[in-house]
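Enquirer: Dumping the structure here so I can ask a few things about it.
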Amino acid sequence: MFKEIIKRQLIEDLISFKFLINTIVILCTVVLFSLIFINNYHNIVDDYSRGNISNETTLTSFARAPRTHLGSTALYCTMQPRLELFISEANEGIMPQGFLFSLQPNSIRDIRQEKEVMYTSISKRDLESPSVTFYPDLTFIVQFLLSFFALVLTFNAVSAEKERGTLRLVYSNSIKSGSFILAKYLAAFLAVFIPLLLGLILGLVLLGLFAAGASFPSLALSFLLFLVISMLYLSIFILIGLLFSTISQNSKTSLVLCLLFWVFAVIIIPKSTGAFLNLKAFNVPTEEEISDLSSKAEKSAMERFNRESPKGQSDQEEETKIEMRLKMNSERDKAIQDINDYYLRKKISAITAVRNVNIVSPASLFEYSVSGFTMTGLSHFESVWTRTRQYANEFTSFLRDYASTLKSGSFFYPDEAAVSDKPIDANGIPRFTDSPISSGARTRHALPFVSLLILYNLLLFTVVIYRFQRCDVR
Amino acid sequence: MEKQQPILKADDLSKRYEDGVLAVDHLNLNIHAGEVYCLLGANGAGKTTTINLFLNFIPPTTGTCFVNGIDVTRDPLEAKKYVSFVSENVMLYGNFTARQNLDFFAKLGGKANLAKNDYYQVMRRVSLQEKAFEQRVKNFSKGMRQKLGISIAVIKDAPGILLDEPTSGLDPKAAEEFLEILGELKKEGKAILMSTHDIFRAKEIGDRVGIMKEGRLVMERTREELQYEDLVKIYIDYMKSEPLNM
């Protein structure tokens, strides 16, 4: 009997006009988004490659003539474009794209004193020819379109049965109340699953043909995980539709409740709380404030130098003056670095705080779950930040080791004329590489949100079963 | 000779809704195999509530309903195996054909493995036109839908049948055909409880006729008794009488 109810409901759903329209819309959107993404992906890969070529040129020049190129060793440490961006772009396009790691003469002196080197975050506009501004992703399709479809499919699942009198007729037979609503749920689940599965297969085929290459297997795995998380998300909307359909007097009321829920859960909550990012509530400094703070740090270091440096012209005083200038530069750079880091940390903690509020919305939970396991967006940026710090240490450690083989002061000295121009083996210099996605990191980033999605499902399922058992079938 | 147990039995059955309305008041009914019992009464008299109580759609406040000797409240799933139901103006599943609707409800009623011809036979039996068998139900007239409704009850082949105002809104010809089918089911030994406003047809088909007023069964007559009495007059007199003290 249970199977019969699922079968009947599923057939009714599959032959319905709304299913046809939804499937066409989903497939067309997937094709459109895939084509735009493939074009964008090639462009962002080109951008990334240009950054790598620039790094290679810089390092080769530096290795060939360290003295000549000492002041221009700026290396791009940027996020490597991932095909998973098609699954979840997670605002990666508008985030800082990585860091510019620079080695200044004064910093080289600092290397010997084992101090950190400078890096600054870079935005898209800092890159050469940032060609992409719009990233379509599958998360949008599921988050907006399919969630809406899930509600449209289920808003009258029970109320229409009441209205046409079939609920009484069904319940005049030996049917357990739980099995009826479970059958409704499973039928709707399958009716939502089918267009999603078709869309994902289509997207995967297009990406496989035109973009994925050797990374196809890992992309297919990501698609599979996306399918699972999407169904967890859509299941919430199916359950909400069933709940409203059960508690409403008629289908119209249920439809209004479903639409209100969708607007709040998918649009208002996820989008409005983001506005707080610009507020002082999280004490995030503005770019102007950061610039002011940096200028102040520079000015203060300069004033201290002018105040404390010897005024005489003797050799010893000149030597002290150089030492003090070095110290001042180092302090200034460190202060600016700290200000930039503070800004980034504040911004990340503000985003995290907004996320903590947004988890009440299943749409946000879904977005965070997906961007967590694809390691795109914020988690990608944080991983590049960590990786840049590691790289800076690797790079300075390499130079420190190299310097130790030279006579003291003959290679690293602020006076350019005194710097050795002895070539360095370019191949031995460490290169920056973006971290690959480890399954551990994927799990760590996605698990809290996925767990909440599961919890929401369980809670809603309990409520739906409870409410339906008390439903007046007359 | 030992008297057979009734298929449908209400034992001191009462139902008071949450708003305080006493819809059924200490009702006692015994409907045996091969008997048609017609419940007459104005809107709100408690006819539909009585049927809802037999189907366990609502729990009784006091008393018990039995179907084939099974306590409906205690074991509703078992009790429902022995009863079919035809409601007023059932719309069925509009996007499905008559046969598909019949197939679905037959399976719910525990009749698996029926062939297309089995469904056709039942639909022929209730005089549904042949061309309608594979047509979508959304285009059916009320009469056609009611015939399909009764075919659902026929195919379940349960010993008890509950009919909630089944002839309401039917044209005279369709209503007459409907009663013919009921007559056949009665001959097959089904116990039938039918709530209706239709005094003439109640007199025509009913072995017993009861009049409900404000939840109480205020009158009951057998077919034989009604041969010598005017049911219309009795009914109108009861309807005009003073409200009962609750």
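Residue numbering restarts at 1 in every chain; chains get A, B, ... in the order shown in the structure tokens, and ligands count up from 1 in that same order.
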Near Lys186 (chain B), counting only C-alpha atoms, which residues have an atom at most 8 Å away, once you skip same-chain residues fewer than 4 positions from it, shown as a PDB file with N, CA and C atoms, in the first residue's frame?

Expert:
```
ATOM      1  N   ALA B  33     -25.971  -8.226   7.824  1.00  0.00           N
ATOM      2  CA  ALA B  33     -25.655  -8.562   6.430  1.00  0.00           C
ATOM      3  C   ALA B  33     -26.941  -8.573   5.612  1.00  0.00           C
ATOM      4  N   GLY B  34     -26.896  -7.991   4.422  1.00  0.00           N
ATOM      5  CA  GLY B  34     -28.057  -7.953   3.545  1.00  0.00           C
ATOM      6  C   GLY B  34     -29.093  -6.923   3.944  1.00  0.00           C
ATOM      7  N   GLU B  35     -28.692  -5.969   4.745  1.00  0.00           N
ATOM      8  CA  GLU B  35     -29.642  -4.950   5.215  1.00  0.00           C
ATOM      9  C   GLU B  35     -29.162  -3.552   4.811  1.00  0.00           C
ATOM     10  N   VAL B  36     -30.121  -2.724   4.399  1.00  0.00           N
ATOM     11  CA  VAL B  36     -29.803  -1.323   4.090  1.00  0.00           C
ATOM     12  C   VAL B  36     -30.473  -0.447   5.144  1.00  0.00           C
ATOM     13  N   LEU B 182     -27.072  -0.415  -5.415  1.00  0.00           N
ATOM     14  CA  LEU B 182     -27.172  -0.683  -3.970  1.00  0.00           C
ATOM     15  C   LEU B 182     -28.023  -1.925  -3.716  1.00  0.00           C
ATOM     16  N   LYS B 190     -24.335  -7.479   1.635  1.00  0.00           N
ATOM     17  CA  LYS B 190     -23.613  -6.370   2.271  1.00  0.00           C
ATOM     18  C   LYS B 190     -24.525  -5.662   3.271  1.00  0.00           C
ATOM     19  N   ALA B 191     -23.888  -5.208   4.365  1.00  0.00           N
ATOM     20  CA  ALA B 191     -24.611  -4.376   5.327  1.00  0.00           C
ATOM     21  C   ALA B 191     -24.338  -2.929   4.955  1.00  0.00           C
ATOM     22  N   ILE B 192     -25.388  -2.169   4.661  1.00  0.00           N
ATOM     23  CA  ILE B 192     -25.188  -0.819   4.117  1.00  0.00           C
ATOM     24  C   ILE B 192     -25.803   0.228   5.044  1.00  0.00           C
TER      25      ILE B 192
END
```

Enquirer: Please check the contacts: residues of chain B at most 7 Å away from chain A, using only C-alpha atoms, listed as a PyMOL selection string.

Expert: chain B and resi 55+57+77-78+80-81+84-85+90-92+104+107-109

Enquirer: Please report the interatomic distance between CA of Gly199 (chain A) and CA of Thr23 (chain A) in Å with one decimal.

Expert: 8.4 Å

Enquirer: Just the residues within 6 Å of region 223-238 of chain A, please, counting only C-alpha atoms, with nothing from its chain fewer than 3 positions along; format it as a PyMOL selection string.

Expert: chain A and resi 147+150-151+220+241+457

Enquirer: For the selection just defined, write its residues with C-alpha atoms to a file, as a compact mmCIF listing (two decimals), in the first residue's frame.

Expert:
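Below is the file part_19.txt, written as the result:
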```
# COMPACT_ATOMS: atom_id res chain seq x y z
CA SER A 147 13.82 25.11 -3.32
CA ALA A 150 10.04 21.80 -3.85
CA LEU A 151 7.49 24.10 -2.21
CA ALA A 220 32.59 14.01 -10.33
CA GLY A 241 5.47 22.26 2.11
CA ASN A 457 15.45 17.61 8.66
```

Enquirer: Within 6 Å of region 199-206 of chain B, counting only C-alpha atoms, which residues show up once you throw out same-chain ones fewer than 3 positions away? Write them as a PyMOL selection string, please.

Expert: chain B and resi 36-38+209

Enquirer: Which polymer residues have any atom within 6 Å of an atom of Ser195 (chain B), counting only C-alpha atoms, with same-chain residues fewer than 5 positions away left out, as a ChimeraX atom specification?

Expert: /B:38-39,47,164-165

Enquirer: Could you name the residues that touch region 212-217 of chain A at 10 Å or less, counting only C-alpha atoms, but leaving out those on the same chain fewer than 6 positions away, as a PDB file with C-alpha atoms, in the first residue's frame?

Expert:
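This went into around01.pdb:
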```pdb
ATOM      1  CA  ILE A  38      33.504  27.334 -18.933  1.00  0.00           C
ATOM      2  CA  ARG A  82      39.140  25.449  -9.072  1.00  0.00           C
ATOM      3  CA  LEU A  83      36.474  23.743 -11.122  1.00  0.00           C
ATOM      4  CA  LEU A 204      29.259  17.452 -15.458  1.00  0.00           C
ATOM      5  CA  VAL A 205      29.280  16.320 -19.074  1.00  0.00           C
ATOM      6  CA  LEU A 206      29.724  19.898 -20.319  1.00  0.00           C
ATOM      7  CA  PHE A 223      29.201  16.713  -7.867  1.00  0.00           C
TER       8      PHE A 223
END
```

Enquirer: With only C-alpha atoms as the atoms that count, which of A:Val31, A:Leu146, A:Ala335, A:Val360 lies nearest to Phe86 (chain A)?

Expert: A:Val31

Enquirer: Excluding Lys15 (chain B) and residues on its chain fewer than 2 positions from it, collect all residues at most 6 Å away from it, counting only C-alpha atoms, and give them as a PDB file with C-alpha atoms, in the first residue's frame.

Expert:
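Final output, saved to around35.pdb:
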```pdb
ATOM      1  CA  LEU B  22     -23.118  17.208  20.932  1.00  0.00           C
ATOM      2  CA  ALA B  23     -23.161  15.790  17.400  1.00  0.00           C
ATOM      3  CA  VAL B  24     -24.146  12.228  18.256  1.00  0.00           C
ATOM      4  CA  PRO B  60     -16.047   8.841  20.071  1.00  0.00           C
ATOM      5  CA  THR B  61     -16.632  10.678  23.349  1.00  0.00           C
TER       6      THR B  61
END
```

Enquirer: At what distance in Å, to one decimal, does CA of Ile181 (chain A) lie from CA of Pro59 (chain B)?

Expert: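 A separation of 20.6 Å between them.
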
Enquirer: Please, which residues in region 180-235 of chain B fall within 12 Å of region 122-129 of chain B when counting only C-alpha atoms, and what is the closest atom pair and distance in Å to one decimal for each, ordered by chain then residue number, as a tab-separated table?

Expert:
```
residue	atom	partner	partner_atom	distance
B:Glu180	CA	B:Val126	CA	8.9
B:Ile181	CA	B:Val126	CA	6.3
B:Leu182	CA	B:Val126	CA	9.6
B:Gly183	CA	B:Val126	CA	11.6
B:Glu184	CA	B:Arg125	CA	9.8
B:Leu185	CA	B:Val126	CA	10.8
```

Enquirer: Closest to Glu224 (chain B) among B:Asp19, B:Leu40, B:Gly149, B:Asp207, using only C-alpha atoms?

Expert: B:Asp207

Enquirer: Which is closest to Glu134 (chain B) among B:Met219, B:Ala115, B:Ile161, B:Leu102, if we use only C-alpha atoms?

Expert: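 Result for the nearest residue to Glu134 (chain B): B:Leu102.
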
Enquirer: Would you work out the distance separating CA of Thr196 (chain B) from CA of Val21 (chain B), expressed in Å to one decimal?

Expert: 21.3 Å

Enquirer: With only C-alpha atoms as the basis for distance, which of B:Thr48, B:Glu88, B:Val137, B:Arg99 is at the shortest distance from Leu170 (chain B)?

Expert: B:Glu88

Enquirer: Find, counting only C-alpha atoms, the residue in B:Ala106, B:Ala79, B:Leu53, B:Leu114 that gets nearest to Val154 (chain B).

Expert: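 Closest candidate: B:Ala106.
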